[in-house]
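The file data.cif contains mmCIF, C-alpha atoms and all ligand atoms:
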```cif
data_input
loop_
_atom_site.label_atom_id
_atom_site.label_comp_id
_atom_site.auth_asym_id
_atom_site.auth_seq_id
_atom_site.Cartn_x
_atom_site.Cartn_y
_atom_site.Cartn_z
CA MET A 1 19.28 1.15 16.28
CA THR A 2 19.01 2.97 12.95
CA LYS A 3 18.08 6.58 12.26
CA ILE A 4 15.15 6.34 9.89
CA GLY A 5 13.33 9.12 8.02
CA PHE A 6 9.71 8.16 7.29
CA ILE A 7 7.65 10.21 4.84
CA GLY A 8 3.89 9.65 4.40
CA LEU A 9 1.98 8.96 7.61
CA GLY A 10 -1.44 7.88 6.35
CA HIS A 11 -3.43 4.67 6.80
CA MET A 12 -0.30 2.56 6.23
CA GLY A 13 2.61 4.81 7.15
CA ALA A 14 1.44 5.64 10.68
CA PRO A 15 1.20 2.03 11.95
CA MET A 16 4.46 1.15 10.15
CA VAL A 17 6.20 3.94 12.08
CA ARG A 18 4.76 2.62 15.35
CA ASN A 19 6.33 -0.77 14.66
CA LEU A 20 9.72 0.77 13.85
CA LEU A 21 9.53 2.63 17.18
CA LYS A 22 8.68 -0.61 19.02
CA HIS A 23 11.99 -1.98 17.69
CA GLN A 24 13.87 0.99 19.21
CA HIS A 25 14.72 2.76 15.96
CA ASP A 26 14.94 6.57 15.91
CA VAL A 27 12.22 7.65 13.50
CA TYR A 28 12.13 11.17 12.01
CA ILE A 29 8.70 11.69 10.50
CA TYR A 30 7.43 14.05 7.80
CA ASP A 31 4.02 14.49 6.22
CA ALA A 32 2.35 17.22 4.18
CA VAL A 33 -0.39 17.25 6.84
CA PRO A 34 1.11 18.35 10.21
CA ALA A 35 -1.71 16.69 12.21
CA ALA A 36 -0.53 13.31 10.88
CA MET A 37 2.85 13.94 12.56
CA MET A 38 1.39 15.06 15.89
CA ALA A 39 -0.53 11.79 16.22
CA LEU A 40 2.79 9.88 16.30
CA THR A 41 4.87 12.02 18.63
CA ASP A 42 3.32 10.39 21.73
CA ALA A 43 4.71 7.08 20.51
CA GLY A 44 8.22 8.58 20.35
CA ALA A 45 8.54 9.65 16.71
CA ILE A 46 10.44 12.88 16.04
CA PRO A 47 8.49 15.34 13.86
CA ALA A 48 10.47 17.22 11.20
CA GLN A 49 9.45 20.57 9.78
CA SER A 50 10.97 19.84 6.38
CA LEU A 51 12.59 17.15 4.27
CA LYS A 52 15.90 18.92 4.92
CA THR A 53 15.58 18.20 8.64
CA VAL A 54 14.80 14.55 7.93
CA ALA A 55 17.80 14.30 5.59
CA GLN A 56 20.13 15.87 8.18
CA HIS A 57 19.38 13.12 10.71
CA ALA A 58 18.48 9.93 8.86
CA GLU A 59 20.60 7.33 7.11
CA VAL A 60 17.66 5.25 5.88
CA PHE A 61 14.53 6.74 4.27
CA ILE A 62 11.15 5.12 3.78
CA THR A 63 8.34 6.64 1.71
CA MET A 64 4.70 5.53 1.97
CA LEU A 65 2.94 7.96 -0.36
CA PRO A 66 -0.21 7.81 -2.48
CA SER A 67 1.28 8.02 -5.98
CA GLY A 68 4.41 7.91 -8.11
CA GLU A 69 4.12 11.67 -8.63
CA ASN A 70 4.29 12.17 -4.85
CA VAL A 71 7.35 9.93 -4.59
CA ALA A 72 9.06 11.70 -7.50
CA GLU A 73 8.37 15.07 -5.89
CA ILE A 74 9.89 13.94 -2.59
CA CYS A 75 12.95 12.43 -4.29
CA THR A 76 13.79 14.55 -7.29
CA GLY A 77 12.34 17.98 -6.51
CA ALA A 78 14.68 20.98 -6.17
CA SER A 79 14.91 20.27 -2.43
CA GLY A 80 14.25 16.53 -2.76
CA LEU A 81 15.81 13.65 -0.88
CA PHE A 82 18.16 12.65 -3.70
CA LYS A 83 19.84 16.06 -3.35
CA LEU A 84 19.64 16.31 0.43
CA ALA A 85 20.53 12.79 1.59
CA GLN A 86 24.10 11.72 2.18
CA PRO A 87 25.58 9.49 -0.55
CA GLY A 88 25.38 5.89 0.68
CA SER A 89 21.98 6.45 2.26
CA LEU A 90 19.38 3.74 1.76
CA PHE A 91 16.06 4.78 0.25
CA ILE A 92 13.11 2.38 0.41
CA ASP A 93 9.92 3.29 -1.44
CA SER A 94 7.02 1.22 -0.10
CA SER A 95 4.31 3.12 -1.99
CA SER A 96 2.53 1.37 -4.86
CA ILE A 97 3.67 3.17 -8.01
CA ALA A 98 4.18 2.48 -11.73
CA VAL A 99 6.88 -0.03 -12.63
CA ASP A 100 8.43 2.38 -15.15
CA LYS A 101 8.45 5.26 -12.65
CA ALA A 102 10.16 3.05 -10.06
CA ARG A 103 12.85 2.04 -12.58
CA GLU A 104 13.41 5.68 -13.52
CA LEU A 105 13.81 6.60 -9.82
CA HIS A 106 16.29 3.75 -9.33
CA GLN A 107 18.47 5.27 -12.08
CA LEU A 108 18.28 8.77 -10.61
CA ALA A 109 19.06 7.41 -7.14
CA ALA A 110 22.12 5.56 -8.41
CA ARG A 111 23.40 8.79 -10.01
CA ALA A 112 23.07 10.53 -6.64
CA GLY A 113 24.88 7.69 -4.86
CA ILE A 114 21.69 6.63 -3.06
CA GLN A 115 20.96 2.92 -2.60
CA MET A 116 17.37 2.44 -3.72
CA LEU A 117 14.82 -0.34 -3.32
CA ASP A 118 11.20 -0.48 -4.45
CA ALA A 119 9.46 -2.38 -1.65
CA PRO A 120 5.67 -2.17 -1.92
CA VAL A 121 3.55 -4.07 0.57
CA SER A 122 0.53 -6.27 0.82
CA GLY A 123 -1.51 -6.97 3.94
CA GLY A 124 -3.54 -3.78 4.34
CA THR A 125 -3.91 -1.63 7.41
CA GLY A 126 -4.41 -4.75 9.58
CA GLY A 127 -1.03 -6.08 8.46
CA ALA A 128 0.58 -2.68 8.97
CA GLU A 129 -0.74 -2.54 12.54
CA ALA A 130 0.20 -6.12 13.38
CA GLY A 131 3.65 -5.85 11.78
CA THR A 132 2.80 -8.72 9.45
CA LEU A 133 3.06 -7.02 6.04
CA THR A 134 4.45 -8.80 3.03
CA PHE A 135 7.25 -6.81 1.35
CA MET A 136 8.07 -7.52 -2.31
CA VAL A 137 11.41 -5.93 -3.02
CA GLY A 138 13.19 -4.88 -6.21
CA GLY A 139 16.79 -3.66 -6.38
CA GLY A 140 20.36 -4.76 -5.69
CA GLU A 141 20.92 -7.74 -3.40
CA ALA A 142 23.35 -5.90 -1.11
CA HIS A 143 20.79 -3.12 -0.68
CA PHE A 144 18.13 -5.75 0.07
CA ASN A 145 20.32 -7.34 2.74
CA ARG A 146 20.85 -3.94 4.34
CA ALA A 147 17.10 -3.21 4.34
CA LYS A 148 15.86 -6.62 5.49
CA PRO A 149 16.28 -6.20 9.28
CA ILE A 150 14.40 -2.89 9.06
CA LEU A 151 11.61 -4.32 6.94
CA GLU A 152 11.33 -7.22 9.40
CA CYS A 153 10.17 -4.72 12.05
CA MET A 154 7.09 -4.06 9.91
CA GLY A 155 6.50 -7.30 8.07
CA LYS A 156 6.77 -11.05 8.37
CA LYS A 157 7.40 -12.02 4.76
CA ILE A 158 10.20 -10.12 3.03
CA VAL A 159 11.03 -11.39 -0.45
CA HIS A 160 13.69 -10.17 -2.88
CA MET A 161 11.96 -10.24 -6.28
CA GLY A 162 15.08 -9.32 -8.27
CA ALA A 163 16.05 -6.24 -10.25
CA ALA A 164 14.87 -2.64 -9.91
CA GLY A 165 11.11 -2.29 -10.37
CA ASN A 166 10.34 -5.97 -9.79
CA GLY A 167 8.72 -5.18 -6.43
CA GLN A 168 6.24 -2.88 -8.17
CA ALA A 169 5.67 -5.40 -10.97
CA THR A 170 4.77 -7.99 -8.33
CA LYS A 171 2.49 -5.59 -6.45
CA ILE A 172 0.60 -4.55 -9.58
CA SER A 173 0.02 -8.22 -10.47
CA ASN A 174 -1.22 -8.92 -6.93
CA ASN A 175 -3.61 -5.98 -6.93
CA LEU A 176 -4.99 -6.86 -10.33
CA ILE A 177 -6.01 -10.19 -8.78
CA LEU A 178 -7.31 -8.43 -5.64
CA GLY A 179 -9.51 -5.93 -7.52
CA ILE A 180 -11.03 -8.65 -9.70
CA SER A 181 -11.54 -11.03 -6.75
CA MET A 182 -13.37 -8.38 -4.69
CA ILE A 183 -15.82 -7.88 -7.56
CA ALA A 184 -16.26 -11.66 -7.86
CA VAL A 185 -17.01 -11.92 -4.13
CA ALA A 186 -19.47 -9.02 -4.33
CA GLU A 187 -21.27 -10.70 -7.25
CA GLY A 188 -21.44 -14.13 -5.60
CA MET A 189 -22.62 -12.80 -2.23
CA THR A 190 -25.23 -10.60 -3.91
CA LEU A 191 -26.49 -13.45 -6.09
CA GLY A 192 -26.85 -15.78 -3.09
CA LYS A 193 -28.72 -13.13 -1.10
CA LYS A 194 -31.11 -12.43 -4.00
CA LEU A 195 -31.74 -16.18 -4.27
CA GLY A 196 -32.84 -16.16 -0.62
CA ILE A 197 -29.70 -17.47 1.12
CA ASP A 198 -28.79 -16.00 4.53
CA PRO A 199 -25.52 -14.06 3.83
CA LYS A 200 -23.94 -15.34 7.08
CA LYS A 201 -24.58 -18.96 6.09
CA LEU A 202 -23.37 -18.26 2.53
CA PHE A 203 -20.17 -16.79 3.99
CA GLU A 204 -19.75 -19.83 6.28
CA ILE A 205 -19.78 -22.12 3.26
CA CYS A 206 -17.88 -20.01 0.71
CA SER A 207 -15.13 -18.96 3.12
CA ASN A 208 -14.42 -22.65 3.78
CA ALA A 209 -15.04 -23.88 0.24
CA SER A 210 -13.38 -23.29 -3.11
CA ALA A 211 -14.47 -19.62 -3.21
CA GLN A 212 -12.21 -18.72 -0.28
CA CYS A 213 -9.87 -15.81 -0.93
CA TRP A 214 -8.57 -12.72 0.91
CA SER A 215 -11.40 -10.51 -0.38
CA LEU A 216 -13.99 -12.89 1.10
CA ASN A 217 -12.26 -14.35 4.15
CA ASN A 218 -10.50 -11.17 5.37
CA ASN A 219 -12.41 -8.25 3.89
CA CYS A 220 -15.96 -9.51 3.28
CA PRO A 221 -17.90 -6.74 1.47
CA VAL A 222 -21.23 -7.70 3.11
CA PRO A 223 -21.67 -5.78 6.40
CA ASP A 224 -21.95 -7.45 9.81
CA ILE A 225 -20.49 -10.82 8.88
CA LEU A 226 -16.93 -10.08 9.99
CA PRO A 227 -16.73 -7.56 12.87
CA ASN A 228 -13.45 -5.78 12.17
CA VAL A 229 -13.66 -5.10 8.45
CA PRO A 230 -14.55 -1.86 6.63
CA SER A 231 -17.98 -3.11 5.42
CA SER A 232 -19.10 -3.43 9.06
CA HIS A 233 -18.04 0.18 9.70
CA ASP A 234 -19.75 2.04 6.83
CA TYR A 235 -16.91 1.04 4.48
CA GLN A 236 -14.43 3.26 6.27
CA ALA A 237 -11.04 2.47 4.62
CA GLY A 238 -8.91 0.39 4.79
CA PHE A 239 -7.65 0.47 1.28
CA THR A 240 -9.63 3.12 -0.54
CA SER A 241 -11.50 2.65 -3.81
CA ALA A 242 -9.40 5.53 -5.18
CA MET A 243 -6.20 3.58 -4.41
CA MET A 244 -7.64 0.43 -5.98
CA LEU A 245 -8.51 2.39 -9.11
CA LYS A 246 -4.98 3.82 -9.17
CA ASP A 247 -3.47 0.32 -8.97
CA LEU A 248 -5.83 -1.14 -11.57
CA LYS A 249 -4.92 1.68 -13.96
CA LEU A 250 -1.23 1.00 -13.30
CA SER A 251 -1.83 -2.69 -14.02
CA GLN A 252 -3.47 -1.82 -17.34
CA LEU A 253 -0.59 0.49 -18.33
CA ALA A 254 1.96 -2.16 -17.36
CA ALA A 255 0.00 -4.84 -19.26
CA GLN A 256 0.15 -2.73 -22.44
CA THR A 257 3.94 -2.45 -22.23
CA VAL A 258 4.31 -6.24 -22.39
CA SER A 259 1.18 -7.08 -24.45
CA ALA A 260 -0.39 -9.02 -21.55
CA VAL A 261 -4.11 -9.77 -22.00
CA THR A 262 -6.24 -8.66 -19.00
CA PRO A 263 -9.94 -8.53 -19.98
CA LEU A 264 -11.20 -8.85 -16.39
CA GLY A 265 -8.66 -6.22 -15.31
CA ALA A 266 -10.15 -3.85 -17.90
CA GLU A 267 -13.68 -4.56 -16.61
CA ALA A 268 -12.58 -4.10 -12.98
CA THR A 269 -10.96 -0.77 -13.94
CA ALA A 270 -14.24 0.36 -15.53
CA LEU A 271 -16.28 -0.63 -12.44
CA TYR A 272 -13.93 1.12 -10.00
CA THR A 273 -13.92 4.20 -12.27
CA LEU A 274 -17.72 4.26 -11.97
CA LEU A 275 -17.58 3.83 -8.19
CA ASN A 276 -15.10 6.73 -7.93
CA ASN A 277 -17.17 8.91 -10.27
CA LEU A 278 -20.16 8.34 -7.98
CA GLY A 279 -18.15 9.97 -5.20
CA HIS A 280 -17.16 6.81 -3.28
CA GLY A 281 -13.38 7.09 -3.79
CA SER A 282 -12.67 7.52 -0.10
CA LEU A 283 -14.59 4.36 0.87
CA ASP A 284 -12.87 1.00 1.23
CA PHE A 285 -12.59 -0.87 -2.07
CA SER A 286 -15.05 -3.48 -0.75
CA ALA A 287 -17.72 -0.78 -1.30
CA ILE A 288 -17.79 -2.00 -4.92
CA ILE A 289 -20.66 -4.20 -3.69
CA LYS A 290 -22.83 -1.06 -3.63
CA LEU A 291 -22.60 -0.98 -7.44
CA ILE A 292 -23.28 -4.69 -7.82
CA GLU A 293 -26.31 -4.59 -5.48
CA ALA A 294 -27.72 -1.54 -7.26
CA LYS A 295 -27.53 -3.06 -10.75
P1 LIG B 301 -2.93 7.66 2.67
O1 LIG B 301 -3.55 8.60 1.69
O2 LIG B 301 -3.72 7.22 3.85
O3 LIG B 301 -1.56 8.31 3.24
C1 LIG B 301 -0.65 9.00 2.45
C2 LIG B 301 0.03 10.05 3.31
O4 LIG B 301 1.01 10.71 2.52
C3 LIG B 301 -0.93 11.15 3.83
O5 LIG B 301 -0.75 11.31 5.22
C4 LIG B 301 -0.51 12.40 3.05
O6 LIG B 301 -0.70 13.60 3.78
C5 LIG B 301 0.96 12.10 2.79
N1 LIG B 301 1.50 12.82 1.65
C6 LIG B 301 1.00 12.89 0.39
N2 LIG B 301 1.81 13.62 -0.40
C7 LIG B 301 2.85 14.01 0.37
C8 LIG B 301 4.02 14.79 0.14
N3 LIG B 301 4.29 15.29 -1.08
N4 LIG B 301 4.86 15.02 1.17
C9 LIG B 301 4.60 14.48 2.40
N5 LIG B 301 3.51 13.75 2.69
C10 LIG B 301 2.65 13.51 1.69
O7 LIG B 301 -2.41 6.41 1.84
P2 LIG B 301 -2.18 4.91 2.37
O8 LIG B 301 -3.46 4.16 2.36
O9 LIG B 301 -1.35 4.96 3.61
O10 LIG B 301 -1.32 4.31 1.15
C11 LIG B 301 0.02 4.70 0.92
C12 LIG B 301 0.59 3.83 -0.19
O11 LIG B 301 0.52 2.45 0.20
C13 LIG B 301 -0.20 3.93 -1.52
O12 LIG B 301 0.70 3.93 -2.58
C14 LIG B 301 -1.07 2.71 -1.50
O13 LIG B 301 -1.42 2.29 -2.81
C15 LIG B 301 -0.20 1.70 -0.77
N6 LIG B 301 -0.91 0.65 -0.06
C16 LIG B 301 -1.99 0.94 0.72
C17 LIG B 301 -2.66 -0.09 1.39
C18 LIG B 301 -3.88 0.18 2.27
O14 LIG B 301 -4.53 -0.78 2.70
N7 LIG B 301 -4.19 1.44 2.58
C19 LIG B 301 -2.19 -1.42 1.28
C20 LIG B 301 -1.06 -1.68 0.50
C21 LIG B 301 -0.42 -0.63 -0.16
#
```
Go ahead and render the structure in this file as structure tokens.
Ligand code: NAD
Amino acid sequence: MTKIGFIGLGHMGAPMVRNLLKHQHDVYIYDAVPAAMMALTDAGAIPAQSLKTVAQHAEVFITMLPSGENVAEICTGASGLFKLAQPGSLFIDSSSIAVDKARELHQLAARAGIQMLDAPVSGGTGGAEAGTLTFMVGGGEAHFNRAKPILECMGKKIVHMGAAGNGQATKISNNLILGISMIAVAEGMTLGKKLGIDPKKLFEICSNASAQCWSLNNNCPVPDILPNVPSSHDYQAGFTSAMMLKDLKLSQLAAQTVSAVTPLGAEATALYTLLNNLGHGSLDFSAIIKLIEAK
């Protein structure tokens, strides 16, 4: 049983905490929104009024926050975790943030005697609830070995990707593919429908044929084909369009640093920017089909 401090209790963080509790860990929770903490106390999580309280009790910290700026604020602020946590503590950032920012945080953590890993996830809210997330982890091997049994409470595939920042580099590459593939699915499903094909029959074929992919088979953007996906519930997220845009922008920044060519990534970034500018940032990223259908 490990004393874990968990910061960021949103779509992903809350179910991840529930799975840590199921494995009998003591989980001290903190979120900027107090209501997010109250929702987890019934399950046995211990709400903390401040980061200081979390740091006093925990030996392992996990952050699941929207952006790199949020993570930096929690870690390096005047009363941040890197100052408050005991040297030797393990800090696991599972947020999706910029590769460069993650590497910078690794350096600052090392200076504070904190063992850091970047460990972003794939699998969405469904994977977070089921405890079947994929963790892609960057950082020292000894730190990885220490973290693995904890990550196994929340995920089923835990892979050490190598040095600091490599988890984020993997995640950004994955989400570049995901953003592009969702647009491809939206285009194909919309084309078939406009050509007079029943969307359910089109899904039956494509999801078993060479078009199959996560965006189609697990998060179909056409409503009422799959029952438990955002499109069948007014595109309630899920993984928001704002988060997808954030990750696509990070992929484009990362691509520039290594001169990688990503023309479809640039187009996907433009389409998700448009979707967000139309006020749909809080909808699931499968709502991109609204743009495609309207064109
Ligand atoms: P979310 O917006 O639902 O939750 C974020 C939580 O962090 C909120 O409860 C918010 O109040 C809290 N928060 C923000 N700033 C804070 C601060 N300074 N101090 C304390 N709490 C703070 O986000 P999410 O969907 O859970 O995503 C979290 C991270 O996981 C993101 O980086 C996202 O890209 C990544 N991710 C999300 C999904 C998904 O399907 N939602 C999948 C994979 C990865």
Can I get the residues of chain A within 8 Å of ligand LIG 301 (chain B), each with the closest pair of atoms and their distance in Å to one decimal, using all atoms listed in the file, sorted chain first then ascending number, as CSV?
```
residue,atom,partner,partner_atom,distance
A:Ile7,CA,B:LIG301,C9,5.8
A:Gly8,CA,B:LIG301,O4,3.6
A:Leu9,CA,B:LIG301,O5,4.3
A:Gly10,CA,B:LIG301,O3,3.1
A:His11,CA,B:LIG301,O9,3.8
A:Met12,CA,B:LIG301,O9,3.7
A:Gly13,CA,B:LIG301,O9,5.3
A:Ala14,CA,B:LIG301,O9,7.6
A:Tyr30,CA,B:LIG301,C9,6.1
A:Asp31,CA,B:LIG301,N5,3.6
A:Ala32,CA,B:LIG301,N5,4.0
A:Val33,CA,B:LIG301,O6,4.8
A:Ala36,CA,B:LIG301,O5,6.0
A:Met64,CA,B:LIG301,C11,4.9
A:Leu65,CA,B:LIG301,O4,4.4
A:Pro66,CA,B:LIG301,O12,4.0
A:Ser67,CA,B:LIG301,O12,5.4
A:Gly68,CA,B:LIG301,O12,7.8
A:Asn70,CA,B:LIG301,N3,4.9
A:Val71,CA,B:LIG301,N3,7.1
A:Glu73,CA,B:LIG301,N3,6.3
A:Ile74,CA,B:LIG301,N3,6.0
A:Ser94,CA,B:LIG301,O11,6.6
A:Ser95,CA,B:LIG301,O12,3.7
A:Ser96,CA,B:LIG301,O12,3.9
A:Ile97,CA,B:LIG301,O12,6.2
A:Pro120,CA,B:LIG301,C21,6.5
A:Val121,CA,B:LIG301,C20,5.2
A:Ser122,CA,B:LIG301,C20,4.9
A:Gly123,CA,B:LIG301,C19,6.2
A:Gly124,CA,B:LIG301,O14,3.6
A:Thr125,CA,B:LIG301,O14,4.8
A:Gly126,CA,B:LIG301,O14,7.9
A:Ala237,CA,B:LIG301,N7,7.2
A:Gly238,CA,B:LIG301,O14,5.0
A:Phe239,CA,B:LIG301,O14,3.6
A:Thr240,CA,B:LIG301,N7,6.5
A:Met243,CA,B:LIG301,O13,5.2
A:Met244,CA,B:LIG301,O13,7.2
A:Lys246,CA,B:LIG301,O13,7.4
A:Asp247,CA,B:LIG301,O13,6.8
```
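Atom pair atom CA of Val60 of chain A / atom CA of Val99 of chain A: separated by 22.1 Å.
Proximity to Glu152 of chain A was assessed for A:Arg111, A:Lys22, A:Lys83, A:Lys3 counting only C-alpha atoms; the smallest distance is recorded for A:Lys22.
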Ref. answer, residues at most 8 Å from (9.7, -7.1, -2.2) with only C-alpha atoms, as a PyMOL selection string: chain A and resi 118-121+134-138+158-161+166-167+170
With C-alpha atoms retained, could you export that selection as an mmCIF file, in the coordinates of the input?
```
data_model
loop_
_atom_site.group_PDB
_atom_site.id
_atom_site.type_symbol
_atom_site.label_atom_id
_atom_site.label_comp_id
_atom_site.auth_asym_id
_atom_site.auth_seq_id
_atom_site.Cartn_x
_atom_site.Cartn_y
_atom_site.Cartn_z
ATOM 1 C CA ASP A 118 11.200 -0.480 -4.450
ATOM 2 C CA ALA A 119 9.460 -2.380 -1.650
ATOM 3 C CA PRO A 120 5.670 -2.170 -1.920
ATOM 4 C CA VAL A 121 3.550 -4.070 0.570
ATOM 5 C CA THR A 134 4.450 -8.800 3.030
ATOM 6 C CA PHE A 135 7.250 -6.810 1.350
ATOM 7 C CA MET A 136 8.070 -7.520 -2.310
ATOM 8 C CA VAL A 137 11.410 -5.930 -3.020
ATOM 9 C CA GLY A 138 13.190 -4.880 -6.210
ATOM 10 C CA ILE A 158 10.200 -10.120 3.030
ATOM 11 C CA VAL A 159 11.030 -11.390 -0.450
ATOM 12 C CA HIS A 160 13.690 -10.170 -2.880
ATOM 13 C CA MET A 161 11.960 -10.240 -6.280
ATOM 14 C CA ASN A 166 10.340 -5.970 -9.790
ATOM 15 C CA GLY A 167 8.720 -5.180 -6.430
ATOM 16 C CA THR A 170 4.770 -7.990 -8.330
#
```
Please identify all polymer residues within 12 Å of Ala186 of chain A, counting only C-alpha atoms, omitting same-chain residues fewer than 2 positions from it, and present them as a VMD selection string. chain A and resid 179 to 184 188 to 193 199 203 211 215 to 216 219 to 223 231 285 to 295
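Minimum atom-to-atom distances from A:Ala164, A:Val27, A:Leu274, A:Ala109 to Ala85 of chain A were compared using only C-alpha atoms, and the lowest value belongs to A:Ala109.
The space between atom CA of Leu133 of chain A and atom CA of Leu151 of chain A spans 9.0 Å.
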Once 8 Å is added on each side, what are the centre and the three edge lengths, in Å to one decimal, of the axis-aligned box enclosing the listed atoms of segment 219-230 of chain A? Present them as lines of an AutoDock Vina configuration file.
```
center_x = -17.2
center_y = -6.3
center_z = 7.2
size_x = 25.5
size_y = 25.0
size_z = 27.4
```
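Nearest-residue note for Gln252 of chain A: choosing from A:Ser173, A:Asp198, A:Gln236, A:Thr273, the minimum distance belongs to A:Ser173, counting only C-alpha atoms.
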Nearest to Gly165 of chain A by atom-to-atom distance, counting all atoms listed in the file, from A:Met116, A:Ile150, A:Gly281, A:Leu21: A:Met116
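In terms of minimum interatomic distance to Gln168 of chain A, A:Leu250 ranks closest within A:Ile114, A:Leu264, A:Leu250, A:Cys206, counting only C-alpha atoms.
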Quick one: everything within 8 Å of Asn276 of chain A, counting all atoms listed in the file, minus sequence neighbours fewer than 5 positions away in the same chain. Send it as a list of chain:residue names. A:Ser241, A:Ala242, A:Leu245, A:Gly281
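For the pair atom CA of Ser79 of chain A and atom CA of Lys101 of chain A, the separation is 19.3 Å.
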